[in-house]
$ cat coords.csv   # CSV, C-alpha atoms
chain,number,residue,atom,x,y,z
A,1256,MET,CA,114.0,110.9,123.1
A,1257,HIS,CA,111.7,113.0,125.2
A,1258,ALA,CA,108.9,111.6,127.4
A,1259,LEU,CA,105.4,112.2,126.0
A,1260,THR,CA,103.2,114.6,127.9
A,1261,ILE,CA,99.4,114.6,128.1
A,1262,ASP,CA,99.5,117.5,125.6
A,1263,ASP,CA,101.4,115.3,123.1
A,1264,LEU,CA,98.8,112.6,123.5
A,1265,GLU,CA,95.9,115.1,123.1
A,1266,THR,CA,97.6,116.5,119.9
A,1267,PHE,CA,98.1,113.0,118.5
A,1268,ALA,CA,94.5,112.0,119.2
A,1269,ALA,CA,93.2,115.3,117.7
A,1270,ASP,CA,95.3,114.8,114.6
A,1271,HIS,CA,94.2,111.2,114.1
A,1272,LYS,CA,90.4,111.4,114.6
A,1273,ARG,CA,89.6,109.2,111.6
A,1274,TRP,CA,92.0,106.4,112.6
A,1275,LEU,CA,91.4,103.2,114.4
A,1276,PHE,CA,93.3,102.1,117.5
A,1277,ARG,CA,94.1,99.0,119.5
A,1278,GLY,CA,95.8,98.8,122.9
A,1279,HIS,CA,98.5,96.1,123.5
A,1280,ARG,CA,99.9,95.4,126.9
A,1281,CYS,CA,103.0,94.1,125.2
A,1282,PRO,CA,104.7,96.2,122.4
A,1283,GLU,CA,106.2,93.1,120.8
A,1284,TRP,CA,102.8,91.5,120.0
A,1285,LYS,CA,101.9,91.3,116.3
A,1286,LEU,CA,98.4,91.9,115.2
A,1287,GLU,CA,96.6,88.6,114.8
A,1288,ALA,CA,93.1,87.5,115.3
A,1289,SER,CA,92.2,84.8,117.8
A,1290,LEU,CA,91.4,82.4,114.9
A,1291,GLU,CA,95.0,82.7,113.7
A,1292,ARG,CA,96.5,82.0,117.1
A,1293,ALA,CA,94.1,79.0,117.8
A,1294,SER,CA,94.6,77.4,114.4
A,1295,ARG,CA,98.4,77.7,114.7
A,1296,ARG,CA,98.3,76.1,118.1
A,1297,CYS,CA,96.2,73.2,116.7
A,1298,ASN,CA,98.2,73.0,113.5
A,1299,ILE,CA,95.0,73.3,111.5
A,1300,PRO,CA,94.5,75.7,108.5
A,1301,GLN,CA,92.5,78.8,109.6
A,1302,ALA,CA,89.7,78.2,107.1
A,1303,GLN,CA,89.2,74.6,108.2
A,1304,TYR,CA,89.3,75.6,111.9
A,1305,GLU,CA,86.9,78.5,111.4
A,1306,LYS,CA,84.4,76.3,109.6
A,1307,ALA,CA,84.3,73.8,112.5
A,1308,VAL,CA,83.9,76.5,115.2
A,1309,TRP,CA,81.4,78.4,113.1
A,1310,GLY,CA,79.1,75.3,112.8
A,1311,GLU,CA,79.5,74.3,116.4
A,1312,PHE,CA,78.8,77.7,117.9
A,1313,ARG,CA,75.7,78.3,115.8
A,1314,ARG,CA,74.4,74.8,116.5
A,1315,HIS,CA,74.5,75.4,120.3
A,1316,ALA,CA,74.0,79.2,120.6
A,1317,HIS,CA,70.3,78.9,121.4
A,1318,THR,CA,71.2,77.1,124.7
A,1319,TYR,CA,73.1,80.1,126.1
A,1320,LEU,CA,72.0,83.2,124.2
A,1321,SER,CA,68.7,84.9,124.9
A,1322,ARG,CA,68.6,86.2,121.3
A,1323,VAL,CA,70.4,84.5,118.5
A,1324,PRO,CA,71.2,86.5,115.3
A,1325,ALA,CA,69.2,86.0,112.2
A,1326,GLU,CA,70.7,83.3,110.0
A,1327,PRO,CA,72.1,85.7,107.3
A,1328,ASP,CA,73.7,88.1,109.8
A,1329,THR,CA,77.2,86.7,109.5
A,1330,VAL,CA,78.9,89.8,111.1
A,1331,GLU,CA,76.7,89.7,114.1
A,1332,TRP,CA,77.2,85.9,114.5
A,1333,LEU,CA,81.0,86.5,114.4
A,1334,ALA,CA,80.7,89.3,116.9
A,1335,PHE,CA,78.7,87.0,119.3
A,1336,MET,CA,81.3,84.3,118.8
A,1337,GLN,CA,84.1,86.9,119.7
A,1338,HIS,CA,82.1,88.1,122.7
A,1339,TYR,CA,81.8,84.6,124.1
A,1340,GLY,CA,85.5,83.7,123.6
A,1341,ALA,CA,85.3,81.6,120.4
A,1342,PRO,CA,88.2,82.2,118.0
A,1343,THR,CA,87.2,84.4,115.1
A,1344,ARG,CA,88.8,86.3,112.2
A,1345,LEU,CA,87.7,89.6,113.8
A,1346,LEU,CA,90.2,91.9,115.4
A,1347,ASP,CA,88.9,94.5,117.8
A,1348,PHE,CA,89.8,98.1,117.2
A,1349,THR,CA,88.3,101.2,118.7
A,1350,GLU,CA,87.6,104.7,117.2
A,1351,SER,CA,88.9,106.2,120.4
A,1352,PHE,CA,92.6,106.6,121.0
A,1353,TRP,CA,91.9,107.1,124.8
A,1354,ILE,CA,90.1,103.8,125.0
A,1355,ALA,CA,92.9,102.0,123.3
A,1356,LEU,CA,95.4,103.7,125.6
A,1357,PHE,CA,93.3,102.5,128.6
A,1358,PHE,CA,93.5,98.9,127.4
A,1359,ALA,CA,97.2,99.1,126.7
A,1360,PHE,CA,97.9,100.3,130.3
A,1361,GLU,CA,95.3,98.2,132.0
A,1362,GLU,CA,97.3,95.0,132.4
A,1363,ALA,CA,100.8,96.2,131.3
A,1364,ASP,CA,103.7,95.2,133.6
A,1365,THR,CA,106.2,97.5,131.9
A,1366,ASP,CA,106.0,98.9,128.4
A,1367,CYS,CA,102.8,98.8,126.3
A,1368,ALA,CA,101.7,100.0,122.9
A,1369,VAL,CA,98.8,101.5,121.0
A,1370,VAL,CA,98.5,100.4,117.4
A,1371,ALA,CA,97.1,103.2,115.1
A,1372,LEU,CA,95.5,102.0,111.8
A,1373,ASP,CA,94.9,104.5,109.0
A,1374,ARG,CA,91.3,103.9,107.8
A,1375,SER,CA,92.4,104.8,104.3
A,1376,SER,CA,94.4,101.6,104.2
A,1377,LEU,CA,91.2,99.5,104.5
A,1378,ALA,CA,89.2,98.5,101.6
A,1379,GLU,CA,86.1,100.7,101.0
A,1380,ASN,CA,82.9,98.8,101.5
A,1381,ALA,CA,81.5,98.7,98.0
A,1382,PRO,CA,78.0,100.2,97.7
A,1383,GLY,CA,75.3,97.6,97.2
A,1384,THR,CA,77.5,94.8,98.4
A,1385,ASP,CA,76.1,92.6,101.2
A,1386,TYR,CA,79.2,91.9,103.3
A,1387,ASN,CA,77.2,89.4,105.5
A,1388,LYS,CA,76.8,87.3,102.3
A,1389,VAL,CA,80.4,87.9,101.2
A,1390,LEU,CA,81.7,86.7,104.6
A,1391,ARG,CA,79.4,83.7,104.7
A,1392,GLU,CA,80.5,82.6,101.2
A,1393,ASN,CA,84.1,83.1,102.3
A,1394,ILE,CA,83.6,81.0,105.4
A,1395,ASP,CA,81.6,78.2,103.6
A,1396,PHE,CA,83.4,78.1,100.3
A,1397,GLY,CA,86.5,80.3,100.4
A,1398,HIS,CA,85.0,82.7,97.8
A,1399,HIS,CA,85.9,86.4,97.5
A,1400,ALA,CA,89.4,86.0,99.0
A,1401,ASP,CA,91.6,89.0,98.4
A,1402,ASN,CA,94.5,90.8,100.1
A,1403,PHE,CA,92.6,93.7,101.6
A,1404,LEU,CA,91.4,94.4,105.1
A,1405,TYR,CA,87.8,95.4,105.9
A,1406,ALA,CA,86.1,97.1,108.8
A,1407,ASN,CA,82.5,96.4,109.9
A,1408,VAL,CA,80.2,96.7,112.9
A,1409,PRO,CA,77.2,94.4,113.3
A,1410,PHE,CA,73.8,96.0,112.9
A,1411,TYR,CA,72.9,95.0,116.5
A,1412,THR,CA,75.8,95.8,118.8
A,1413,ASN,CA,76.3,94.7,122.4
A,1414,ASP,CA,76.9,97.0,125.4
A,1415,ARG,CA,80.7,96.4,125.4
A,1416,LEU,CA,81.1,97.2,121.7
A,1417,ALA,CA,79.0,100.4,122.0
A,1418,ILE,CA,80.9,101.6,125.1
A,1419,GLN,CA,84.3,100.9,123.7
A,1420,LYS,CA,83.4,102.6,120.3
A,1421,GLY,CA,84.4,99.2,118.8
A,1422,ILE,CA,84.8,98.3,115.2
A,1423,PHE,CA,86.0,94.9,113.8
A,1424,VAL,CA,88.8,94.6,111.2
A,1425,TYR,CA,89.0,91.4,109.3
A,1426,SER,CA,90.5,89.6,106.3
A,1427,LEU,CA,88.9,87.6,103.6
A,1428,ASN,CA,92.2,85.7,103.0
A,1429,LEU,CA,92.8,83.2,105.8
A,1430,GLY,CA,95.8,81.9,103.9
A,1431,ARG,CA,97.7,85.0,104.8
A,1432,LYS,CA,98.8,86.4,108.2
A,1433,PHE,CA,96.7,89.4,109.3
A,1434,HIS,CA,99.8,91.3,110.3
A,1435,ASP,CA,101.4,90.9,106.9
A,1436,LEU,CA,98.2,92.1,105.2
A,1437,LEU,CA,98.1,95.1,107.5
A,1438,ILE,CA,101.7,96.1,106.7
A,1439,GLU,CA,101.1,95.5,103.0
A,1440,ASN,CA,98.0,97.7,102.9
A,1441,GLN,CA,99.5,100.4,105.1
A,1442,ASN,CA,102.2,100.8,102.5
A,1443,SER,CA,99.9,101.0,99.5
A,1444,THR,CA,97.4,103.6,98.3
A,1445,PHE,CA,94.0,102.4,97.4
A,1446,GLY,CA,92.6,102.7,93.9
A,1447,PRO,CA,89.2,101.4,93.1
A,1448,SER,CA,87.5,99.3,95.8
A,1449,PRO,CA,87.6,95.6,95.3
A,1450,SER,CA,84.3,94.2,94.0
A,1451,HIS,CA,82.6,91.1,95.4
A,1452,ALA,CA,79.7,90.9,92.9

$ encode --input "coords.csv" --output "structure tokens"
Amino acid sequence: MHALTIDDLETFAADHKRWLFRGHRCPEWKLEASLERASRRCNIPQAQYEKAVWGEFRRHAHTYLSRVPAEPDTVEWLAFMQHYGAPTRLLDFTESFWIALFFAFEEADTDCAVVALDRSSLAENAPGTDYNKVLRENIDFGHHADNFLYANVPFYTNDRLAIQKGIFVYSLNLGRKFHDLLIENQNSTFGPSPSHA
């Protein structure tokens, strides 16, 4: 096995411009959202845990946010929750290999990893579908659950998300592990996009 050079990395980045990346300071880490970790620690199902955190955060947000998202902007609400450390179903990725590499190395003691996610393994956002509404109905009632992964960025982004070229990947099925869904979808070819009408 030969050591990677900067030329190897530049070639990889150039060949994977449409992919999404995530830096891990530990190569053994599985991909899981903070909601999955928190609900496992508390031994509470993810959907139940999320509903409680979702309600509490929105009830108190006006006391520490200078601007709260509009009520229907579910993706933006989840992004704010993520930004302030609340557990969410969102997993941060970046469109930049180099930014992911920076985060992998930033706190690594020894080996680290960059996870590369092929965008074609994600479900296409169906035209005319309001994913704020889909997510909200999924949180409130468990509707629209499927085994796909989705990517989204809130309409209003924060400085960190913009600088990091961030994008959120999430699941509508909190009964499944994010990592398992990722592997399952990486190994399949998408046909028609799922419909949430």

$ closest_residue --input "coords.csv" --among "A:Glu1350, A:Glu1361, A:Glu1379, A:Glu1392" --to "Ala1269 (chain A)" --atoms "all atoms listed in the file"
A:Glu1350

$ residues_around --input "coords.csv" --residues "Gln1301 (chain A)" --least-positions-apart "3" --cutoff "8 Å" --atoms "all atoms listed in the file" --output "PyMOL selection string"
chain A and resi 1290-1291+1294-1295+1304-1305+1429-1430

$ atom_distance --input "coords.csv" --atom1 "CA of Trp1284 (chain A)" --atom2 "CA of Pro1300 (chain A)"
21.2 Å

$ atom_distance --input "coords.csv" --atom1 "CA of Thr1266 (chain A)" --atom2 "CA of Ser1376 (chain A)"
21.9 Å

$ atom_distance --input "coords.csv" --atom1 "CA of Tyr1425 (chain A)" --atom2 "CA of Cys1367 (chain A)"
23.1 Å

$ closest_residue --input "coords.csv" --among "A:Phe1276, A:Phe1423, A:Tyr1405, A:Phe1267" --to "Ile1354 (chain A)" --atoms "only C-alpha atoms"
A:Phe1276

$ closest_residue --input "coords.csv" --among "A:His1271, A:Thr1260, A:His1338, A:Arg1280" --to "Asp1364 (chain A)" --atoms "all atoms listed in the file"
A:Arg1280

$ residues_around --input "coords.csv" --residues "Phe1358 (chain A)" --least-positions-apart "4" --cutoff "12 Å" --atoms "all atoms listed in the file" --output "list of chain:residue names"
A:Phe1276, A:Arg1277, A:Gly1278, A:His1279, A:Arg1280, A:Cys1281, A:Asp1347, A:Phe1348, A:Thr1349, A:Ser1351, A:Phe1352, A:Trp1353, A:Ile1354, A:Glu1362, A:Ala1363, A:Cys1367, A:Ala1368, A:Val1369, A:Val1370, A:Gln1419

$ write_last_selection --input "coords.csv" --atoms "C-alpha atoms" --output "mmCIF file, in the frame of the given file"
data_model
loop_
_atom_site.group_PDB
_atom_site.id
_atom_site.type_symbol
_atom_site.label_atom_id
_atom_site.label_comp_id
_atom_site.auth_asym_id
_atom_site.auth_seq_id
_atom_site.Cartn_x
_atom_site.Cartn_y
_atom_site.Cartn_z
ATOM 1 C CA PHE A 1276 93.300 102.100 117.500
ATOM 2 C CA ARG A 1277 94.100 99.000 119.500
ATOM 3 C CA GLY A 1278 95.800 98.800 122.900
ATOM 4 C CA HIS A 1279 98.500 96.100 123.500
ATOM 5 C CA ARG A 1280 99.900 95.400 126.900
ATOM 6 C CA CYS A 1281 103.000 94.100 125.200
ATOM 7 C CA ASP A 1347 88.900 94.500 117.800
ATOM 8 C CA PHE A 1348 89.800 98.100 117.200
ATOM 9 C CA THR A 1349 88.300 101.200 118.700
ATOM 10 C CA SER A 1351 88.900 106.200 120.400
ATOM 11 C CA PHE A 1352 92.600 106.600 121.000
ATOM 12 C CA TRP A 1353 91.900 107.100 124.800
ATOM 13 C CA ILE A 1354 90.100 103.800 125.000
ATOM 14 C CA GLU A 1362 97.300 95.000 132.400
ATOM 15 C CA ALA A 1363 100.800 96.200 131.300
ATOM 16 C CA CYS A 1367 102.800 98.800 126.300
ATOM 17 C CA ALA A 1368 101.700 100.000 122.900
ATOM 18 C CA VAL A 1369 98.800 101.500 121.000
ATOM 19 C CA VAL A 1370 98.500 100.400 117.400
ATOM 20 C CA GLN A 1419 84.300 100.900 123.700
#

$ residues_near_point --input "coords.csv" --point "(97.7, 94.7, 97.0)" --cutoff "7 Å" --atoms "all atoms listed in the file" --output "number ranges by chain"
A: 1402-1403, 1439-1440

$ closest_residue --input "coords.csv" --among "A:His1398, A:Val1408, A:Gln1337, A:Arg1313" --to "Ala1325 (chain A)" --atoms "all atoms listed in the file"
A:Arg1313

$ closest_residue --input "coords.csv" --among "A:Ile1261, A:Val1323, A:Ala1381, A:Ala1288" --to "Pro1342 (chain A)" --atoms "only C-alpha atoms"
A:Ala1288

$ closest_residue --input "coords.csv" --among "A:Val1308, A:Leu1264, A:Cys1297, A:Leu1286" --to "Thr1343 (chain A)" --atoms "only C-alpha atoms"
A:Val1308

$ residues_near_point --input "coords.csv" --point "(70.6, 83.6, 117.0)" --cutoff "10 Å" --atoms "only C-alpha atoms" --output "PyMOL selection string"
chain A and resi 1313-1317+1320-1326+1328+1331-1332+1335

$ write_last_selection --input "coords.csv" --atoms "C-alpha atoms" --output "PDB file, in the coordinates of the input"
ATOM      1  CA  ARG A1313      75.700  78.300 115.800  1.00  0.00           C
ATOM      2  CA  ARG A1314      74.400  74.800 116.500  1.00  0.00           C
ATOM      3  CA  HIS A1315      74.500  75.400 120.300  1.00  0.00           C
ATOM      4  CA  ALA A1316      74.000  79.200 120.600  1.00  0.00           C
ATOM      5  CA  HIS A1317      70.300  78.900 121.400  1.00  0.00           C
ATOM      6  CA  LEU A1320      72.000  83.200 124.200  1.00  0.00           C
ATOM      7  CA  SER A1321      68.700  84.900 124.900  1.00  0.00           C
ATOM      8  CA  ARG A1322      68.600  86.200 121.300  1.00  0.00           C
ATOM      9  CA  VAL A1323      70.400  84.500 118.500  1.00  0.00           C
ATOM     10  CA  PRO A1324      71.200  86.500 115.300  1.00  0.00           C
ATOM     11  CA  ALA A1325      69.200  86.000 112.200  1.00  0.00           C
ATOM     12  CA  GLU A1326      70.700  83.300 110.000  1.00  0.00           C
ATOM     13  CA  ASP A1328      73.700  88.100 109.800  1.00  0.00           C
ATOM     14  CA  GLU A1331      76.700  89.700 114.100  1.00  0.00           C
ATOM     15  CA  TRP A1332      77.200  85.900 114.500  1.00  0.00           C
ATOM     16  CA  PHE A1335      78.700  87.000 119.300  1.00  0.00           C
TER      17      PHE A1335
END
